[in-house]
Amino acid sequence: MIPFNKPFLTGKEAHYIYQAVYSGKLSGNGMYTKKCQHYFEEHYGFKKALMTTSCTDALEMAAILCNIKPGDEVIAPSYTFVSTVLAFVRQGAKIVFCDSCKDNPNIDPEKIEALITPKTKVIVPVHYAGVACDMDKIMDIANRYDLLVVEDAAQAIDSYYKGKPLGSIGHLGCFSFHETKNIIAGEGGLLAINDDRFIRRSEIIWEKGTNRSEFFRGEVNKYGWVDTGSSFLPSELISAFLWAQIENMDMIQTRRKQIWIQYNDGLKKLESEKLFKLPNIPDYATNNAHMYYVVCKSLEERSALIKYLKEVGILSVFHYLSLHKSGFYTSHCDSRPSGLQKIVEVEDEKIVEGLDLPNCDRFADCLLRLPLFYELTDDEVAFVVNSINEFYRTYK
């Protein structure tokens, strides 16, 4: 069976973890945490980079920094992972879902402005598959309405928009190093702070609401509880693991892009026959080869393709379900803005009425992700491509 994902190890992870263990500094913010953070600040130009235990934690820090209060509204895509919005819901926000673009799963910037109300505080673009949203349009809207922008760049490490690193354009950026990402730490994340006014407070929130970081730098003679916060700082072991990946990022990225191109070249003919759609990379975006996907014509077709590929020994997966149709969203009326949709009871089932996100729903029903990981061989990619071609020779 060709798995959907296989975590890649460079060979140095255990060695660096060993060094971290015997350094006597395990609780975080030690040598490897500082090395990782410095790398991201220097390489991508983030004003401040803070390692976190996950991208979810980075998003939760962002929601606190944005000073989200109950009743505030946050605009986000519905086709995304739950963490994108959950971080803001926990602060009491009402989520206003925006549709995806027609030709890619990213948030449609042309539909954002109509969703803005006096209660809107934040826009959360998600760079799906590591491909940039149209950030000029999004930042223009944010600047005109005095809104904050939090980039969910969970999938977007080492990807760019018009030459600018993703995660560096909005006020805040959030990254994931989960084992399914390009570079990994098992779990792990990063908060990038690009606005000076958030730098000092981000460290305090990161350190459980204390000014301990300032104390360790000798800036204050004692530290104490000065703000809200949580235990967002990860163990030094996470950063030690990640450092081995960072050292090999160019090698990892080169191989992933080779696999992506092999898929794309092998499946172009089926797209030209209008059997499905391949990923669309806008001119303003680069491709970090986080994933390769196809967009089938229907849910039934996708289900049949998944079944066929599994029968021949290939594990492929669908991705997100529409968040605006989730059980939590439809049962928690206080998490939605009034006036955009209503809940109706149909045979004891709660249905969202008046919320039309057709592109989001199409990707939820039709997008299929193919195996993509560093150790996937050319022969295995060719087998996946040939199997998909074989499926469409007979599928009607």
# chains A, B, ... in the order shown; residues from 1 in each chain; ligands from 1
$ residues_around --residues "range 150-161 of chain A" --least-positions-apart "6" --cutoff "7 Å" --atoms "only C-alpha atoms" --output "list in words"
Cys55, Thr84, Ile123, Val124, Pro125, Val126, His127, Tyr128, Ala129, Gly130, Val131, Ala132, Gly167, Gly170, His171, Leu172, Gly173, Cys174, Phe175, Ser176, Lys181, Tyr284, Ala285, Thr286, Asn287, Asn288 and His290 of chain A
$ write_last_selection --atoms "C-alpha atoms" --output "tab-separated table (two decimals), in the first residue's frame"
chain	number	residue	atom	x	y	z
A	55	CYS	CA	-0.42	25.99	14.74
A	84	THR	CA	-8.62	28.48	11.87
A	123	ILE	CA	-9.80	38.68	8.37
A	124	VAL	CA	-8.17	35.23	8.38
A	125	PRO	CA	-6.96	34.19	4.91
A	126	VAL	CA	-5.86	30.55	4.67
A	127	HIS	CA	-3.12	29.79	2.13
A	128	TYR	CA	-4.52	26.44	1.04
A	129	ALA	CA	-1.94	23.93	-0.21
A	130	GLY	CA	0.73	26.55	0.43
A	131	VAL	CA	-0.57	28.69	-2.45
A	132	ALA	CA	-1.00	32.36	-1.62
A	167	GLY	CA	3.08	34.70	6.96
A	170	GLY	CA	-0.53	40.20	7.50
A	171	HIS	CA	-0.19	41.56	11.01
A	172	LEU	CA	0.33	38.00	12.28
A	173	GLY	CA	1.13	34.65	10.64
A	174	CYS	CA	0.64	31.11	11.93
A	175	PHE	CA	2.53	27.98	10.80
A	176	SER	CA	2.29	24.25	11.45
A	181	LYS	CA	3.63	19.29	6.66
A	284	TYR	CA	1.37	36.01	-8.02
A	285	ALA	CA	1.98	32.80	-6.05
A	286	THR	CA	4.75	30.24	-5.77
A	287	ASN	CA	4.23	26.54	-5.17
A	288	ASN	CA	5.84	24.94	-2.10
A	290	HIS	CA	2.70	20.99	0.19
$ closest_residue --among "A:Trp243, A:Tyr308, A:Tyr18, A:Trp206" --to "Asp227 in chain A" --atoms "only C-alpha atoms"
A:Trp206
$ closest_atom_pairs --of "range 102-197 of chain A" --to "range 65-75 of chain A" --cutoff "9 Å" --atoms "only C-alpha atoms" --output "tab-separated table"
residue	atom	partner	partner_atom	distance
A:Ile112	CA	A:Ile75	CA	7.5
A:Leu115	CA	A:Ile75	CA	7.5
A:Ile116	CA	A:Ile75	CA	7.9
A:Thr117	CA	A:Glu73	CA	8.0
A:Pro118	CA	A:Glu73	CA	8.8
A:Lys119	CA	A:Asp72	CA	5.2
A:Thr120	CA	A:Glu73	CA	4.4
A:Lys121	CA	A:Glu73	CA	5.9
A:Val122	CA	A:Val74	CA	4.9
A:Ile123	CA	A:Ile75	CA	4.8
A:Val124	CA	A:Ile75	CA	6.2
A:Pro125	CA	A:Ile75	CA	8.4
A:Leu148	CA	A:Cys66	CA	7.2
A:Val150	CA	A:Cys66	CA	8.9
$ atom_distance --atom1 "CA of Glu219 in chain A" --atom2 "CA of Leu191 in chain A"
22.7 Å
$ decode --residues "range 201-217 of chain A" --atoms "all heavy atoms" --output "mmCIF file, in the first residue's frame"
data_model
loop_
_atom_site.group_PDB
_atom_site.id
_atom_site.type_symbol
_atom_site.label_atom_id
_atom_site.label_comp_id
_atom_site.auth_asym_id
_atom_site.auth_seq_id
_atom_site.Cartn_x
_atom_site.Cartn_y
_atom_site.Cartn_z
ATOM 1 N N ARG A 201 3.785 42.107 23.848
ATOM 2 C CA ARG A 201 2.691 41.349 24.456
ATOM 3 C C ARG A 201 2.729 39.886 24.012
ATOM 4 O O ARG A 201 2.323 38.991 24.769
ATOM 5 C CB ARG A 201 1.340 41.978 24.100
ATOM 6 C CG ARG A 201 0.208 41.383 24.925
ATOM 7 C CD ARG A 201 -1.115 42.068 24.692
ATOM 8 N NE ARG A 201 -2.114 41.475 25.584
ATOM 9 C CZ ARG A 201 -3.350 41.153 25.221
ATOM 10 N NH1 ARG A 201 -3.766 41.388 23.981
ATOM 11 N NH2 ARG A 201 -4.175 40.605 26.080
ATOM 12 N N SER A 202 3.195 39.614 22.789
ATOM 13 C CA SER A 202 3.238 38.222 22.316
ATOM 14 C C SER A 202 4.129 37.372 23.213
ATOM 15 O O SER A 202 3.805 36.225 23.509
ATOM 16 C CB SER A 202 3.728 38.166 20.864
ATOM 17 O OG SER A 202 5.085 38.551 20.752
ATOM 18 N N GLU A 203 5.257 37.907 23.644
ATOM 19 C CA GLU A 203 6.143 37.159 24.533
ATOM 20 C C GLU A 203 5.489 36.892 25.885
ATOM 21 O O GLU A 203 5.670 35.831 26.477
ATOM 22 C CB GLU A 203 7.450 37.923 24.753
ATOM 23 C CG GLU A 203 8.438 37.805 23.634
ATOM 24 C CD GLU A 203 9.807 38.307 24.034
ATOM 25 O OE1 GLU A 203 9.883 39.266 24.835
ATOM 26 O OE2 GLU A 203 10.799 37.743 23.556
ATOM 27 N N ILE A 204 4.728 37.862 26.374
ATOM 28 C CA ILE A 204 4.061 37.706 27.671
ATOM 29 C C ILE A 204 2.982 36.629 27.581
ATOM 30 O O ILE A 204 2.891 35.743 28.445
ATOM 31 C CB ILE A 204 3.466 39.062 28.123
ATOM 32 C CG1 ILE A 204 4.606 40.036 28.454
ATOM 33 C CG2 ILE A 204 2.528 38.876 29.316
ATOM 34 C CD1 ILE A 204 4.149 41.456 28.682
ATOM 35 N N ILE A 205 2.165 36.678 26.540
ATOM 36 C CA ILE A 205 1.132 35.658 26.339
ATOM 37 C C ILE A 205 1.761 34.286 26.182
ATOM 38 O O ILE A 205 1.275 33.289 26.717
ATOM 39 C CB ILE A 205 0.275 36.017 25.103
ATOM 40 C CG1 ILE A 205 -0.546 37.282 25.378
ATOM 41 C CG2 ILE A 205 -0.639 34.854 24.711
ATOM 42 C CD1 ILE A 205 -1.192 37.872 24.140
ATOM 43 N N TRP A 206 2.872 34.230 25.467
ATOM 44 C CA TRP A 206 3.627 32.994 25.202
ATOM 45 C C TRP A 206 4.140 32.365 26.486
ATOM 46 O O TRP A 206 4.209 31.148 26.615
ATOM 47 C CB TRP A 206 4.777 33.377 24.286
ATOM 48 C CG TRP A 206 5.642 32.329 23.705
ATOM 49 C CD1 TRP A 206 5.265 31.277 22.931
ATOM 50 C CD2 TRP A 206 7.073 32.282 23.774
ATOM 51 N NE1 TRP A 206 6.374 30.577 22.513
ATOM 52 C CE2 TRP A 206 7.501 31.177 23.019
ATOM 53 C CE3 TRP A 206 8.034 33.077 24.382
ATOM 54 C CZ2 TRP A 206 8.840 30.837 22.861
ATOM 55 C CZ3 TRP A 206 9.363 32.751 24.234
ATOM 56 C CH2 TRP A 206 9.755 31.638 23.496
ATOM 57 N N GLU A 207 4.486 33.216 27.448
ATOM 58 C CA GLU A 207 5.060 32.767 28.715
ATOM 59 C C GLU A 207 4.042 32.814 29.851
ATOM 60 O O GLU A 207 4.306 33.304 30.938
ATOM 61 C CB GLU A 207 6.281 33.622 29.077
ATOM 62 C CG GLU A 207 7.538 33.276 28.290
ATOM 63 C CD GLU A 207 8.348 32.167 28.941
ATOM 64 O OE1 GLU A 207 7.750 31.345 29.664
ATOM 65 O OE2 GLU A 207 9.567 32.132 28.716
ATOM 66 N N LYS A 208 2.817 32.324 29.559
ATOM 67 C CA LYS A 208 1.779 32.145 30.588
ATOM 68 C C LYS A 208 1.350 33.453 31.243
ATOM 69 O O LYS A 208 0.937 33.481 32.412
ATOM 70 C CB LYS A 208 2.262 31.162 31.661
ATOM 71 C CG LYS A 208 2.771 29.831 31.102
ATOM 72 C CD LYS A 208 3.442 29.001 32.170
ATOM 73 C CE LYS A 208 4.085 27.761 31.583
ATOM 74 N NZ LYS A 208 5.274 28.079 30.754
ATOM 75 N N GLY A 209 1.438 34.548 30.500
ATOM 76 C CA GLY A 209 1.008 35.833 31.034
ATOM 77 C C GLY A 209 2.028 36.523 31.908
ATOM 78 O O GLY A 209 1.700 37.496 32.595
ATOM 79 N N THR A 210 3.266 36.042 31.886
ATOM 80 C CA THR A 210 4.326 36.664 32.687
ATOM 81 C C THR A 210 5.339 37.362 31.787
ATOM 82 O O THR A 210 5.424 37.096 30.591
ATOM 83 C CB THR A 210 5.083 35.623 33.536
ATOM 84 O OG1 THR A 210 5.940 34.844 32.683
ATOM 85 C CG2 THR A 210 4.112 34.697 34.267
ATOM 86 N N ASN A 211 6.119 38.246 32.402
ATOM 87 C CA ASN A 211 7.204 38.911 31.671
ATOM 88 C C ASN A 211 8.542 38.215 31.921
ATOM 89 O O ASN A 211 9.591 38.837 32.040
ATOM 90 C CB ASN A 211 7.290 40.389 32.032
ATOM 91 C CG ASN A 211 7.487 40.616 33.529
ATOM 92 O OD1 ASN A 211 7.287 39.715 34.334
ATOM 93 N ND2 ASN A 211 7.873 41.837 33.896
ATOM 94 N N ARG A 212 8.499 36.888 31.958
ATOM 95 C CA ARG A 212 9.680 36.097 32.250
ATOM 96 C C ARG A 212 10.760 36.261 31.186
ATOM 97 O O ARG A 212 11.959 36.266 31.489
ATOM 98 C CB ARG A 212 9.310 34.618 32.404
ATOM 99 C CG ARG A 212 10.485 33.741 32.809
ATOM 100 C CD ARG A 212 10.050 32.410 33.374
ATOM 101 N NE ARG A 212 9.291 31.609 32.414
ATOM 102 C CZ ARG A 212 8.897 30.362 32.661
ATOM 103 N NH1 ARG A 212 9.165 29.807 33.838
ATOM 104 N NH2 ARG A 212 8.225 29.684 31.761
ATOM 105 N N SER A 213 10.371 36.393 29.905
ATOM 106 C CA SER A 213 11.371 36.566 28.847
ATOM 107 C C SER A 213 12.192 37.824 29.075
ATOM 108 O O SER A 213 13.413 37.834 28.868
ATOM 109 C CB SER A 213 10.689 36.616 27.476
ATOM 110 O OG SER A 213 10.122 35.373 27.138
ATOM 111 N N GLU A 214 11.539 38.896 29.501
ATOM 112 C CA GLU A 214 12.258 40.136 29.796
ATOM 113 C C GLU A 214 13.212 39.949 30.979
ATOM 114 O O GLU A 214 14.323 40.490 30.990
ATOM 115 C CB GLU A 214 11.257 41.256 30.092
ATOM 116 C CG GLU A 214 10.425 41.661 28.887
ATOM 117 C CD GLU A 214 9.353 42.679 29.231
ATOM 118 O OE1 GLU A 214 8.898 42.705 30.389
ATOM 119 O OE2 GLU A 214 8.971 43.449 28.331
ATOM 120 N N PHE A 215 12.780 39.169 31.956
ATOM 121 C CA PHE A 215 13.632 38.887 33.119
ATOM 122 C C PHE A 215 14.890 38.137 32.713
ATOM 123 O O PHE A 215 16.003 38.472 33.123
ATOM 124 C CB PHE A 215 12.841 38.089 34.159
ATOM 125 C CG PHE A 215 13.656 37.572 35.301
ATOM 126 C CD1 PHE A 215 14.111 38.441 36.289
ATOM 127 C CD2 PHE A 215 13.985 36.227 35.388
ATOM 128 C CE1 PHE A 215 14.879 37.960 37.351
ATOM 129 C CE2 PHE A 215 14.746 35.745 36.438
ATOM 130 C CZ PHE A 215 15.196 36.620 37.425
ATOM 131 N N PHE A 216 14.728 37.104 31.877
ATOM 132 C CA PHE A 216 15.880 36.312 31.465
ATOM 133 C C PHE A 216 16.846 37.120 30.599
ATOM 134 O O PHE A 216 18.044 36.815 30.547
ATOM 135 C CB PHE A 216 15.425 35.052 30.723
ATOM 136 C CG PHE A 216 14.849 33.996 31.628
ATOM 137 C CD1 PHE A 216 13.752 33.247 31.232
ATOM 138 C CD2 PHE A 216 15.395 33.750 32.870
ATOM 139 C CE1 PHE A 216 13.211 32.262 32.064
ATOM 140 C CE2 PHE A 216 14.878 32.772 33.709
ATOM 141 C CZ PHE A 216 13.777 32.035 33.305
ATOM 142 N N ARG A 217 16.334 38.156 29.913
ATOM 143 C CA ARG A 217 17.223 39.023 29.127
ATOM 144 C C ARG A 217 17.839 40.125 29.982
ATOM 145 O O ARG A 217 18.611 40.946 29.476
ATOM 146 C CB ARG A 217 16.449 39.644 27.954
ATOM 147 C CG ARG A 217 16.091 38.670 26.846
ATOM 148 C CD ARG A 217 15.671 39.407 25.577
ATOM 149 N NE ARG A 217 14.478 40.209 25.784
ATOM 150 C CZ ARG A 217 13.238 39.802 25.505
ATOM 151 N NH1 ARG A 217 13.045 38.579 25.015
ATOM 152 N NH2 ARG A 217 12.204 40.594 25.715
#
